[in-house]
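Text of final-v2.txt (compact mmCIF, C-alpha atoms) as supplied:
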```
# COMPACT_ATOMS: atom_id res chain seq x y z
CA MET A 1 -13.69 8.64 26.78
CA ILE A 2 -16.73 8.17 24.55
CA TYR A 3 -19.42 5.80 25.79
CA PRO A 4 -22.74 4.59 24.55
CA ILE A 5 -25.45 5.84 26.92
CA TYR A 6 -25.84 2.50 28.68
CA GLU A 7 -22.10 2.37 29.50
CA PHE A 8 -21.69 5.90 30.82
CA PRO A 9 -20.86 5.91 34.54
CA GLN A 10 -23.80 7.40 36.40
CA SER A 11 -22.87 7.67 40.09
CA ALA A 12 -20.01 9.73 41.54
CA ALA A 13 -18.28 6.55 42.69
CA ALA A 14 -18.55 4.99 39.23
CA GLN A 15 -17.19 8.14 37.64
CA TYR A 16 -14.26 8.14 40.10
CA VAL A 17 -13.47 4.51 39.31
CA ASP A 18 -13.67 5.34 35.62
CA ARG A 19 -11.26 8.28 35.96
CA VAL A 20 -8.73 6.24 37.93
CA THR A 21 -8.97 3.34 35.49
CA ALA A 22 -8.47 5.64 32.53
CA ALA A 23 -5.42 7.22 34.18
CA GLN A 24 -3.91 3.79 34.93
CA MET A 25 -4.57 2.67 31.37
CA ARG A 26 -2.77 5.74 30.06
CA ARG A 27 0.24 4.92 32.24
CA LEU A 28 0.18 1.30 31.11
CA ARG A 29 0.21 2.36 27.49
CA THR A 30 3.39 4.34 27.91
CA THR A 31 5.33 1.28 29.13
CA ASN A 32 7.67 -0.56 26.79
CA ALA A 33 6.12 -3.95 27.46
CA LEU A 34 2.44 -3.19 27.05
CA GLY A 35 2.21 0.09 25.29
CA SER A 36 2.47 0.93 21.63
CA ASP A 37 0.94 4.37 21.77
CA ASP A 38 4.06 6.29 20.83
CA PHE A 39 4.76 4.01 17.90
CA LEU A 40 1.19 4.12 16.63
CA ASN A 41 0.81 7.86 17.04
CA GLY A 42 4.02 8.32 15.07
CA ALA A 43 2.78 5.97 12.35
CA LEU A 44 -0.56 7.79 12.18
CA ALA A 45 1.21 11.12 11.90
CA ASP A 46 3.36 9.73 9.07
CA ILE A 47 0.32 8.48 7.18
CA PHE A 48 -1.39 11.83 7.65
CA ASP A 49 1.69 13.60 6.30
CA GLN A 50 1.91 11.33 3.27
CA CYS A 51 -1.79 11.25 2.42
CA SER A 52 -3.17 14.65 3.35
CA LEU A 53 -3.23 15.83 -0.27
CA PRO A 54 -5.64 14.49 -2.90
CA ASN A 55 -4.27 11.88 -5.32
CA TRP A 56 -1.62 10.72 -2.85
CA ASP A 57 -1.72 7.24 -4.40
CA GLY A 58 -1.57 8.37 -8.03
CA TYR A 59 -5.02 6.97 -8.75
CA GLY A 60 -7.24 9.83 -7.63
CA ALA A 61 -7.46 9.02 -3.91
CA LEU A 62 -9.19 11.45 -1.59
CA ALA A 63 -7.09 13.23 1.01
CA VAL A 64 -6.92 11.89 4.54
CA GLY A 65 -8.51 14.63 6.63
CA PRO A 66 -8.02 15.59 10.28
CA GLU A 67 -11.35 14.00 11.19
CA ALA A 68 -10.18 10.65 9.77
CA LEU A 69 -6.95 11.01 11.76
CA GLY A 70 -8.90 11.84 14.94
CA ALA A 71 -11.16 8.81 14.47
CA ALA A 72 -8.17 6.52 13.97
CA GLN A 73 -6.44 7.95 17.05
CA ARG A 74 -9.54 7.24 19.16
CA VAL A 75 -9.63 3.63 17.97
CA VAL A 76 -5.89 3.18 18.53
CA ARG A 77 -6.25 4.52 22.09
CA SER A 78 -8.96 1.95 22.74
CA LEU A 79 -6.86 -1.06 21.76
CA PRO A 80 -6.43 -3.44 24.71
CA PRO A 81 -3.00 -3.18 26.37
CA GLY A 82 -0.63 -5.88 25.22
CA MET A 83 -2.34 -6.34 21.89
CA ALA A 84 0.02 -6.58 18.94
CA ALA A 85 0.37 -3.18 17.31
CA PRO A 86 -1.29 -2.92 13.91
CA SER A 87 0.32 -1.33 10.89
CA VAL A 88 -1.51 1.74 9.72
CA GLY A 89 -2.35 2.77 6.18
CA ALA A 90 -4.76 4.83 4.12
CA GLU A 91 -7.39 3.97 1.56
CA PRO A 92 -8.51 5.81 -1.59
CA ASP A 93 -11.65 7.12 0.15
CA GLY A 94 -9.52 8.96 2.71
CA GLN A 95 -10.06 6.54 5.58
CA ILE A 96 -7.28 5.19 7.75
CA THR A 97 -6.80 1.44 8.12
CA LEU A 98 -5.37 -0.71 10.87
CA GLU A 99 -3.93 -4.01 9.72
CA TRP A 100 -2.86 -7.12 11.59
CA HIS A 101 -0.95 -9.37 9.26
CA HIS A 102 0.39 -12.86 9.80
CA SER A 103 0.71 -14.15 6.26
CA ARG A 104 -0.93 -13.72 2.86
CA ARG A 105 -4.03 -15.62 3.88
CA ARG A 106 -4.12 -14.65 7.53
CA THR A 107 -4.68 -10.96 7.63
CA LEU A 108 -7.19 -8.51 9.04
CA SER A 109 -7.84 -4.96 7.92
CA ILE A 110 -10.11 -2.49 9.67
CA SER A 111 -11.12 0.83 8.09
CA VAL A 112 -11.97 3.57 10.54
CA ASN A 113 -14.41 6.19 9.43
CA PRO A 114 -15.35 9.36 11.28
CA GLU A 115 -18.96 8.16 11.62
CA ARG A 116 -17.76 5.58 14.16
CA GLU A 117 -18.08 2.70 11.75
CA LEU A 118 -15.39 0.05 11.58
CA HIS A 119 -15.50 -1.84 8.30
CA PHE A 120 -13.40 -4.97 8.46
CA ALA A 121 -12.36 -7.85 6.26
CA ALA A 122 -10.18 -10.81 7.15
CA LEU A 123 -8.68 -13.77 5.40
CA LEU A 124 -8.49 -16.78 7.72
CA GLY A 125 -6.75 -19.44 5.70
CA PRO A 126 -9.25 -20.86 3.22
CA SER A 127 -12.16 -18.90 4.72
CA SER A 128 -12.84 -15.20 4.94
CA ILE A 129 -15.09 -12.83 6.81
CA CYS A 130 -16.15 -9.21 6.43
CA GLY A 131 -18.58 -6.91 8.16
CA LYS A 132 -19.16 -3.72 10.07
CA GLU A 133 -18.95 -2.88 13.77
CA PHE A 134 -19.67 0.37 15.54
CA PHE A 135 -17.15 2.09 17.75
CA TYR A 136 -18.39 3.56 21.02
CA GLY A 137 -15.13 4.19 22.80
CA SER A 138 -14.07 0.62 23.44
CA PHE A 139 -12.58 -1.71 20.87
CA PRO A 140 -15.32 -4.19 19.86
CA SER A 141 -14.77 -7.59 21.47
CA PHE A 142 -15.60 -9.35 18.20
CA LEU A 143 -12.73 -7.57 16.47
CA ASN A 144 -10.48 -8.29 19.45
CA GLU A 145 -11.16 -12.00 19.00
CA LEU A 146 -10.61 -11.69 15.27
CA VAL A 147 -7.18 -10.12 15.83
CA HIS A 148 -6.19 -13.06 18.03
CA LYS A 149 -7.55 -15.51 15.50
CA VAL A 150 -5.52 -13.99 12.67
CA LEU A 151 -2.30 -13.80 14.65
CA SER A 152 -2.51 -17.19 16.38
CA ALA A 153 -1.67 -19.47 13.48
CA MET B 29 2.82 -3.09 -26.42
CA ILE B 30 -0.36 -4.19 -28.20
CA PRO B 31 0.19 -3.26 -31.86
CA LYS B 32 -1.95 -0.74 -33.72
CA GLY B 33 -5.33 -2.01 -34.79
CA PRO B 34 -8.29 -3.41 -32.91
CA ILE B 35 -7.65 -4.07 -29.22
CA PRO B 36 -8.23 -7.73 -28.33
CA GLU B 37 -10.68 -8.57 -25.56
CA ILE B 38 -9.19 -9.51 -22.22
CA ALA B 39 -8.82 -13.26 -21.78
CA ASP B 40 -9.04 -15.00 -18.40
CA SER B 41 -5.53 -16.29 -18.88
CA GLU B 42 -4.05 -12.79 -19.04
CA SER B 43 -2.12 -11.06 -16.29
CA VAL B 44 -2.31 -7.40 -15.41
CA ALA B 45 -0.09 -5.07 -13.43
CA ARG B 46 -1.07 -2.53 -10.81
CA TYR B 47 1.66 0.02 -10.16
CA ALA B 48 2.52 1.04 -6.59
CA PHE B 49 3.56 4.64 -5.93
CA SER B 50 2.85 4.80 -2.20
CA SER B 51 5.16 3.21 0.38
CA GLY B 52 2.11 2.57 2.56
CA HIS B 53 0.96 -0.01 0.03
CA ILE B 54 3.88 -2.35 0.62
CA ARG B 55 4.45 -4.35 3.81
CA LYS B 56 8.00 -3.94 4.96
CA ILE B 57 8.02 -7.16 6.99
CA ASP B 58 7.53 -9.58 4.12
CA GLY B 59 7.53 -7.45 0.97
CA THR B 60 3.93 -8.19 0.03
CA LEU B 61 1.26 -5.76 -1.09
CA LYS B 62 -1.38 -4.51 1.32
CA GLN B 63 -5.06 -4.64 0.48
CA ASN B 64 -4.98 -0.82 0.42
CA ALA B 65 -3.21 -1.02 -2.95
CA PHE B 66 -6.20 -2.86 -4.42
CA MET B 67 -9.05 -0.77 -3.06
CA PRO B 68 -11.17 0.88 -5.75
CA PRO B 69 -10.67 4.60 -6.39
CA PRO B 70 -13.53 7.03 -5.78
CA ASN B 71 -14.74 6.60 -9.38
CA PHE B 72 -14.68 2.77 -9.02
CA ASP B 73 -12.54 2.49 -12.16
CA PHE B 74 -9.56 0.39 -11.07
CA SER B 75 -6.67 1.06 -13.41
CA THR B 76 -4.31 -1.74 -14.55
CA THR B 77 -1.93 -2.49 -17.42
CA ARG B 78 -2.16 -5.69 -19.42
CA HIS B 79 0.94 -7.83 -19.90
CA LEU B 80 -0.26 -8.85 -23.36
CA ASP B 81 2.40 -8.32 -26.08
CA THR B 82 4.43 -6.24 -23.65
CA SER B 83 8.06 -6.71 -22.71
CA GLU B 84 9.22 -6.36 -19.14
CA ALA B 85 11.02 -3.13 -20.06
CA GLU B 86 7.88 -1.65 -21.60
CA LEU B 87 5.86 -2.52 -18.49
CA TRP B 88 8.36 -0.62 -16.33
CA SER B 89 8.49 2.25 -18.77
CA ILE B 90 4.75 2.73 -18.56
CA GLY B 91 4.95 2.75 -14.77
CA LYS B 92 7.79 5.25 -14.84
CA TYR B 93 5.93 7.43 -17.27
CA ILE B 94 2.95 7.57 -14.90
CA ALA B 95 5.26 8.12 -11.92
CA SER B 96 7.05 11.01 -13.60
CA GLY B 97 3.71 12.68 -14.34
CA LEU B 98 2.72 12.30 -10.70
CA ASN B 99 6.14 13.34 -9.42
CA LYS B 100 6.22 10.20 -7.29
CA PRO B 101 8.66 7.28 -7.19
CA LEU B 102 7.63 4.02 -8.81
CA LEU B 103 8.06 1.47 -6.04
CA GLY B 104 6.93 -1.68 -7.76
CA ARG B 105 4.00 -3.38 -9.37
CA GLY B 106 1.57 -6.07 -8.34
CA ASP B 107 0.95 -8.69 -11.01
CA PHE B 108 -2.19 -10.76 -10.82
CA SER B 109 -4.38 -12.87 -13.05
CA ILE B 110 -7.56 -11.60 -14.64
CA ALA B 111 -9.14 -14.95 -13.76
CA VAL B 112 -8.80 -14.10 -10.05
CA ALA B 113 -10.46 -10.70 -10.53
CA LYS B 114 -13.31 -12.23 -12.52
CA ALA B 115 -13.82 -14.97 -9.93
CA LEU B 116 -14.30 -12.19 -7.36
CA GLY B 117 -17.08 -10.68 -9.47
CA LEU B 118 -15.13 -7.86 -11.13
CA ILE B 119 -15.51 -6.95 -14.78
CA ALA B 120 -12.36 -6.49 -16.85
CA GLY B 121 -12.48 -4.19 -19.85
CA ALA B 122 -9.83 -2.92 -22.24
CA THR B 123 -9.58 0.87 -21.94
CA PRO B 124 -6.60 1.91 -24.09
CA ASN B 125 -5.48 5.51 -23.99
CA ASP B 126 -3.11 7.72 -26.00
CA TRP B 127 0.07 6.42 -24.43
CA ASN B 128 -0.91 3.02 -23.07
CA ARG B 129 -2.71 0.70 -25.47
CA ASN B 130 -2.51 -1.99 -22.76
CA HIS B 131 -4.57 -0.07 -20.26
CA ALA B 132 -7.44 -2.04 -18.70
CA SER B 133 -10.02 -1.25 -16.06
CA LEU B 134 -11.62 -3.40 -13.40
CA THR B 135 -15.17 -2.31 -12.65
CA GLY B 136 -18.22 -3.87 -11.02
CA TRP B 137 -17.13 -3.16 -7.45
CA PRO B 138 -19.76 -3.68 -4.74
CA THR B 139 -20.96 -0.57 -2.92
CA ASP B 140 -20.46 -2.04 0.57
CA LYS B 141 -17.10 -1.00 1.93
CA GLU B 142 -16.47 -4.30 3.73
CA LYS B 143 -17.09 -6.27 0.54
CA GLN B 144 -14.70 -4.00 -1.36
CA LYS B 145 -12.10 -4.69 1.33
CA LEU B 146 -12.55 -8.44 1.04
CA ILE B 147 -12.09 -8.33 -2.75
CA ALA B 148 -9.02 -6.12 -2.29
CA GLN B 149 -7.61 -8.59 0.24
CA GLU B 150 -8.12 -11.51 -2.12
CA LEU B 151 -6.42 -9.58 -4.94
CA ALA B 152 -3.54 -8.65 -2.65
CA ALA B 153 -3.15 -12.28 -1.57
CA ALA B 154 -3.06 -13.39 -5.21
CA ALA B 155 -0.77 -10.63 -6.45
CA ALA B 156 2.97 -10.96 -6.74
CA LEU B 157 4.94 -7.82 -5.92
CA VAL B 158 7.68 -7.08 -8.41
CA PRO B 159 9.90 -4.39 -6.88
CA ALA B 160 10.90 -1.50 -9.12
CA ILE B 161 13.94 -2.22 -11.20
CA LYS B 162 17.16 -0.27 -11.55
CA PRO B 163 16.84 2.69 -13.90
CA ASP B 164 19.56 1.17 -16.12
CA PHE B 165 17.10 -1.50 -17.14
CA ILE B 166 15.46 1.09 -19.34
CA GLU B 167 18.29 0.54 -21.84
CA ASP B 168 16.59 -2.70 -22.82
CA LEU B 169 13.50 -0.88 -24.04
CA SER B 170 12.76 -1.90 -27.59
CA VAL B 171 13.39 1.02 -29.92
CA GLU B 172 10.84 -0.44 -32.29
CA SER B 173 8.03 0.52 -29.96
CA GLU B 174 6.18 3.58 -31.18
CA PHE B 175 6.06 4.75 -27.58
CA ALA B 176 9.76 4.28 -26.94
CA PRO B 177 10.80 7.92 -27.47
CA ILE B 178 8.17 9.37 -25.16
CA LEU B 179 8.72 6.70 -22.51
CA LEU B 180 12.48 6.99 -22.70
CA ALA B 181 12.30 10.74 -22.34
CA ALA B 182 10.01 10.38 -19.32
CA SER B 183 12.17 7.81 -17.60
CA PRO B 184 14.36 9.09 -14.77
CA GLY B 185 16.95 6.54 -15.89
CA SER B 186 17.15 7.75 -19.44
CA LYS B 187 19.98 10.22 -18.86
CA ARG B 188 22.09 7.55 -17.29
CA ALA B 189 21.22 5.20 -20.12
CA GLN B 190 22.56 7.74 -22.59
CA GLN B 191 25.84 8.21 -20.68
CA PRO B 192 27.18 4.71 -20.02
CA TYR B 193 30.80 5.99 -20.11
CA ASN B 194 30.27 7.52 -16.65
CA ARG B 195 30.57 4.04 -15.17
CA TYR B 196 33.95 3.49 -16.84
CA LEU B 197 35.23 6.81 -15.52
CA TYR B 198 34.45 5.62 -11.98
CA LEU B 199 36.26 2.35 -12.59
CA VAL B 200 39.37 4.08 -13.94
CA ALA B 201 39.38 6.53 -11.02
CA TRP B 202 39.18 3.74 -8.45
CA ALA B 203 41.88 1.74 -10.23
CA PHE B 204 44.16 4.81 -10.14
CA VAL B 205 43.59 5.28 -6.41
CA GLY B 206 44.32 1.59 -5.84
CA LEU B 207 47.60 1.79 -7.73
CA LEU B 208 48.59 4.90 -5.79
CA VAL B 209 47.97 3.17 -2.45
CA LEU B 210 49.97 0.15 -3.63
CA ALA B 211 52.89 2.35 -4.70
CA VAL B 212 52.97 4.13 -1.34
CA PHE B 213 52.89 0.79 0.47
CA VAL B 214 55.80 -0.56 -1.60
CA VAL B 215 57.91 2.60 -0.99
CA PHE B 216 57.39 2.41 2.77
CA CYS B 217 58.18 -1.30 2.90
CA ARG B 218 61.61 -0.66 1.39
```
Can you present the structure in this file as structure tokens?
Amino acid sequence: MIYPIYEFPQSAAAQYVDRVTAAQMRRLRTTNALGSDDFLNGALADIFDQCSLPNWDGYGALAVGPEALGAAQRVVRSLPPGMAAPSVGAEPDGQITLEWHHSRRRTLSISVNPERELHFAALLGPSSICGKEFFYGSFPSFLNELVHKVLSA
Amino acid sequence: MIPKGPIPEIADSESVARYAFSSGHIRKIDGTLKQNAFMPPPNFDFSTTRHLDTSEAELWSIGKYIASGLNKPLLGRGDFSIAVAKALGLIAGATPNDWNRNHASLTGWPTDKEKQKLIAQELAAAAALVPAIKPDFIEDLSVESEFAPILLAASPGSKRAQQPYNRYLYLVAWAFVGLLVLAVFVVFCR
């Protein structure tokens, strides 16, 4: 896992707890009820296949590279268990997006870039919000709340 | 298609079409367009086609012409109003080219990625997806259009449009099979 310095487990006991937790999380993610890893990894692979050549959209889009795929996989692995699976897509600048969609005006899109930046924009009924969060190995809690806000209509 | 002569400026009341060639741009759950379809390209020149003086068949023909050049399927088009784009701060300009006098560009995109995404989301929310039509529709293309020959030739449906008797052959074949089955049934019933 990737941590910011202040979150990295320092002591042997903390590192053990971290290892066990990570292993349990991996097991949880493979279950039918709480996990969507297989589905999302398949969807990411599909997007990579479709968009790995320049001009994949017919409008001069940049190719989705392996580093963009790797960044998206890291973010997908960090999604809290039980969270609704996003649909994945690609953008003309070669970044991969994760989208949670409820309706036309309740939707959230997050672009993952290899520099650990998560650019997001959401329509929340009559209002909207956009911004940038950094990814340090765990899915930002603000975006977690935003996902719930978009889906709980 | 806009007739020869000076190209009129784009009015707020106009609608434009954005063609979709990538399946990842269309949501399968409700058949709407994703914001990804409305994100600006790397050169920030967002390509659209004006509806002005254009029949439905011509709009599809232009899309098919582009699709055939890209060797990609035309999946549909997103229609939206220029007024929406202008309200979001974009600048609409007529940029006709050799084969599409209705071509228009949306420029003036912000440099911040998150702001681009928000504009793209608003456009996607305002756009109506029109799924790609059957190739036979190309028969309705006005032959008076100066672009008709080139667009017809480029259309994947053009061959079928030139051979409508194929459909009647199928009908006759099926009718023959039906009669044969009926005859066999009658013979066995006796």
Hey, could you make a per-residue contact list for chain A against chain B with 10 Å as the cut-off, showing the nearest pair of atoms and its distance in Å to one decimal, counting only C-alpha atoms, sorted by chain and number, as JSON lines?
```
{"residue": "A:Asp46", "atom": "CA", "partner": "B:Gly52", "partner_atom": "CA", "distance": 9.8}
{"residue": "A:Ile47", "atom": "CA", "partner": "B:Gly52", "partner_atom": "CA", "distance": 7.7}
{"residue": "A:Gln50", "atom": "CA", "partner": "B:Ser50", "partner_atom": "CA", "distance": 8.6}
{"residue": "A:Cys51", "atom": "CA", "partner": "B:Ser50", "partner_atom": "CA", "distance": 9.2}
{"residue": "A:Asn55", "atom": "CA", "partner": "B:Leu98", "partner_atom": "CA", "distance": 8.8}
{"residue": "A:Trp56", "atom": "CA", "partner": "B:Ser50", "partner_atom": "CA", "distance": 7.4}
{"residue": "A:Asp57", "atom": "CA", "partner": "B:Ser50", "partner_atom": "CA", "distance": 5.6}
{"residue": "A:Gly58", "atom": "CA", "partner": "B:Leu98", "partner_atom": "CA", "distance": 6.4}
{"residue": "A:Tyr59", "atom": "CA", "partner": "B:Pro69", "partner_atom": "CA", "distance": 6.6}
{"residue": "A:Gly60", "atom": "CA", "partner": "B:Pro69", "partner_atom": "CA", "distance": 6.4}
{"residue": "A:Ala61", "atom": "CA", "partner": "B:Pro69", "partner_atom": "CA", "distance": 6.0}
{"residue": "A:Leu62", "atom": "CA", "partner": "B:Pro70", "partner_atom": "CA", "distance": 7.5}
{"residue": "A:Ser87", "atom": "CA", "partner": "B:Arg55", "partner_atom": "CA", "distance": 8.7}
{"residue": "A:Val88", "atom": "CA", "partner": "B:Gly52", "partner_atom": "CA", "distance": 8.1}
{"residue": "A:Gly89", "atom": "CA", "partner": "B:Gly52", "partner_atom": "CA", "distance": 5.7}
{"residue": "A:Ala90", "atom": "CA", "partner": "B:Asn64", "partner_atom": "CA", "distance": 6.8}
{"residue": "A:Glu91", "atom": "CA", "partner": "B:Asn64", "partner_atom": "CA", "distance": 5.5}
{"residue": "A:Pro92", "atom": "CA", "partner": "B:Pro69", "partner_atom": "CA", "distance": 5.4}
{"residue": "A:Asp93", "atom": "CA", "partner": "B:Pro70", "partner_atom": "CA", "distance": 6.2}
{"residue": "A:Gly94", "atom": "CA", "partner": "B:Pro70", "partner_atom": "CA", "distance": 9.6}
{"residue": "A:Ile96", "atom": "CA", "partner": "B:Asn64", "partner_atom": "CA", "distance": 9.8}
{"residue": "A:Thr97", "atom": "CA", "partner": "B:Asn64", "partner_atom": "CA", "distance": 8.2}
{"residue": "A:Glu99", "atom": "CA", "partner": "B:Lys62", "partner_atom": "CA", "distance": 8.8}
{"residue": "A:His101", "atom": "CA", "partner": "B:Arg55", "partner_atom": "CA", "distance": 9.2}
{"residue": "A:His102", "atom": "CA", "partner": "B:Asp58", "partner_atom": "CA", "distance": 9.7}
{"residue": "A:Ser103", "atom": "CA", "partner": "B:Asp58", "partner_atom": "CA", "distance": 8.5}
{"residue": "A:Arg104", "atom": "CA", "partner": "B:Ala153", "partner_atom": "CA", "distance": 5.2}
{"residue": "A:Arg105", "atom": "CA", "partner": "B:Ala153", "partner_atom": "CA", "distance": 6.5}
{"residue": "A:Arg106", "atom": "CA", "partner": "B:Ala153", "partner_atom": "CA", "distance": 9.5}
{"residue": "A:Thr107", "atom": "CA", "partner": "B:Gln149", "partner_atom": "CA", "distance": 8.3}
{"residue": "A:Leu108", "atom": "CA", "partner": "B:Gln149", "partner_atom": "CA", "distance": 8.8}
{"residue": "A:Ser109", "atom": "CA", "partner": "B:Lys145", "partner_atom": "CA", "distance": 7.9}
{"residue": "A:Ile110", "atom": "CA", "partner": "B:Lys145", "partner_atom": "CA", "distance": 8.9}
{"residue": "A:Ser111", "atom": "CA", "partner": "B:Glu142", "partner_atom": "CA", "distance": 8.6}
{"residue": "A:Leu118", "atom": "CA", "partner": "B:Glu142", "partner_atom": "CA", "distance": 9.0}
{"residue": "A:His119", "atom": "CA", "partner": "B:Glu142", "partner_atom": "CA", "distance": 5.3}
{"residue": "A:Phe120", "atom": "CA", "partner": "B:Glu142", "partner_atom": "CA", "distance": 5.7}
{"residue": "A:Ala121", "atom": "CA", "partner": "B:Leu146", "partner_atom": "CA", "distance": 5.3}
{"residue": "A:Ala122", "atom": "CA", "partner": "B:Leu146", "partner_atom": "CA", "distance": 7.0}
{"residue": "A:Leu123", "atom": "CA", "partner": "B:Gln149", "partner_atom": "CA", "distance": 7.4}
{"residue": "A:Ser128", "atom": "CA", "partner": "B:Leu146", "partner_atom": "CA", "distance": 7.8}
{"residue": "A:Ile129", "atom": "CA", "partner": "B:Leu146", "partner_atom": "CA", "distance": 7.7}
{"residue": "A:Cys130", "atom": "CA", "partner": "B:Glu142", "partner_atom": "CA", "distance": 5.6}
{"residue": "A:Gly131", "atom": "CA", "partner": "B:Glu142", "partner_atom": "CA", "distance": 5.6}
{"residue": "A:Lys132", "atom": "CA", "partner": "B:Glu142", "partner_atom": "CA", "distance": 6.9}
```
* **All residues 7 Å or closer to Ile110 of chain B, all atoms listed in the file, same chain fewer than 4 positions away omitted, as a list of chain:residue names** =>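 The contact residues come out as B:Asp40, B:Ser41, B:Glu42, B:Ser43, B:Val44, B:Lys114.
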Write out the residues from the selection above, keeping C-alpha atoms, as a PDB file, in the frame of the given file.
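Generated output (result09.pdb):
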```
ATOM      1  CA  ASP B  40      -9.040 -15.000 -18.400  1.00  0.00           C
ATOM      2  CA  SER B  41      -5.530 -16.290 -18.880  1.00  0.00           C
ATOM      3  CA  GLU B  42      -4.050 -12.790 -19.040  1.00  0.00           C
ATOM      4  CA  SER B  43      -2.120 -11.060 -16.290  1.00  0.00           C
ATOM      5  CA  VAL B  44      -2.310  -7.400 -15.410  1.00  0.00           C
ATOM      6  CA  LYS B 114     -13.310 -12.230 -12.520  1.00  0.00           C
TER       7      LYS B 114
END
```
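Picture a line from atom CA of Val75 of chain A to atom CA of Gln95 of chain A; it runs 12.7 Å.
Picture a line from atom CA of Asn113 of chain A to atom CA of Gly104 of chain B; it runs 28.5 Å.
Each of B:Val215, B:Ala203, B:Pro34, B:Gly106 was compared to His79 of chain B using only C-alpha atoms, and B:Gly106 turns out to be the nearest.
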* Separation of atom CA of Ile35 of chain B and atom CA of Trp137 of chain B, in Å? -> 23.8 Å
* Spatial neighbours of segment 36-41 of chain A, max dist 12 Å, only C-alpha atoms, sep filter under 4 positions, as a PyMOL selection string -> chain A and resi 25-32+45-48+69-70+72-89+97-99
* Of the candidates B:Gly91, B:Pro124, B:Gly59, B:Gly117, which one gets nearest to Gly33 of chain B if we count all atoms listed in the file? ->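 Nearest to Gly33 of chain B: B:Pro124.
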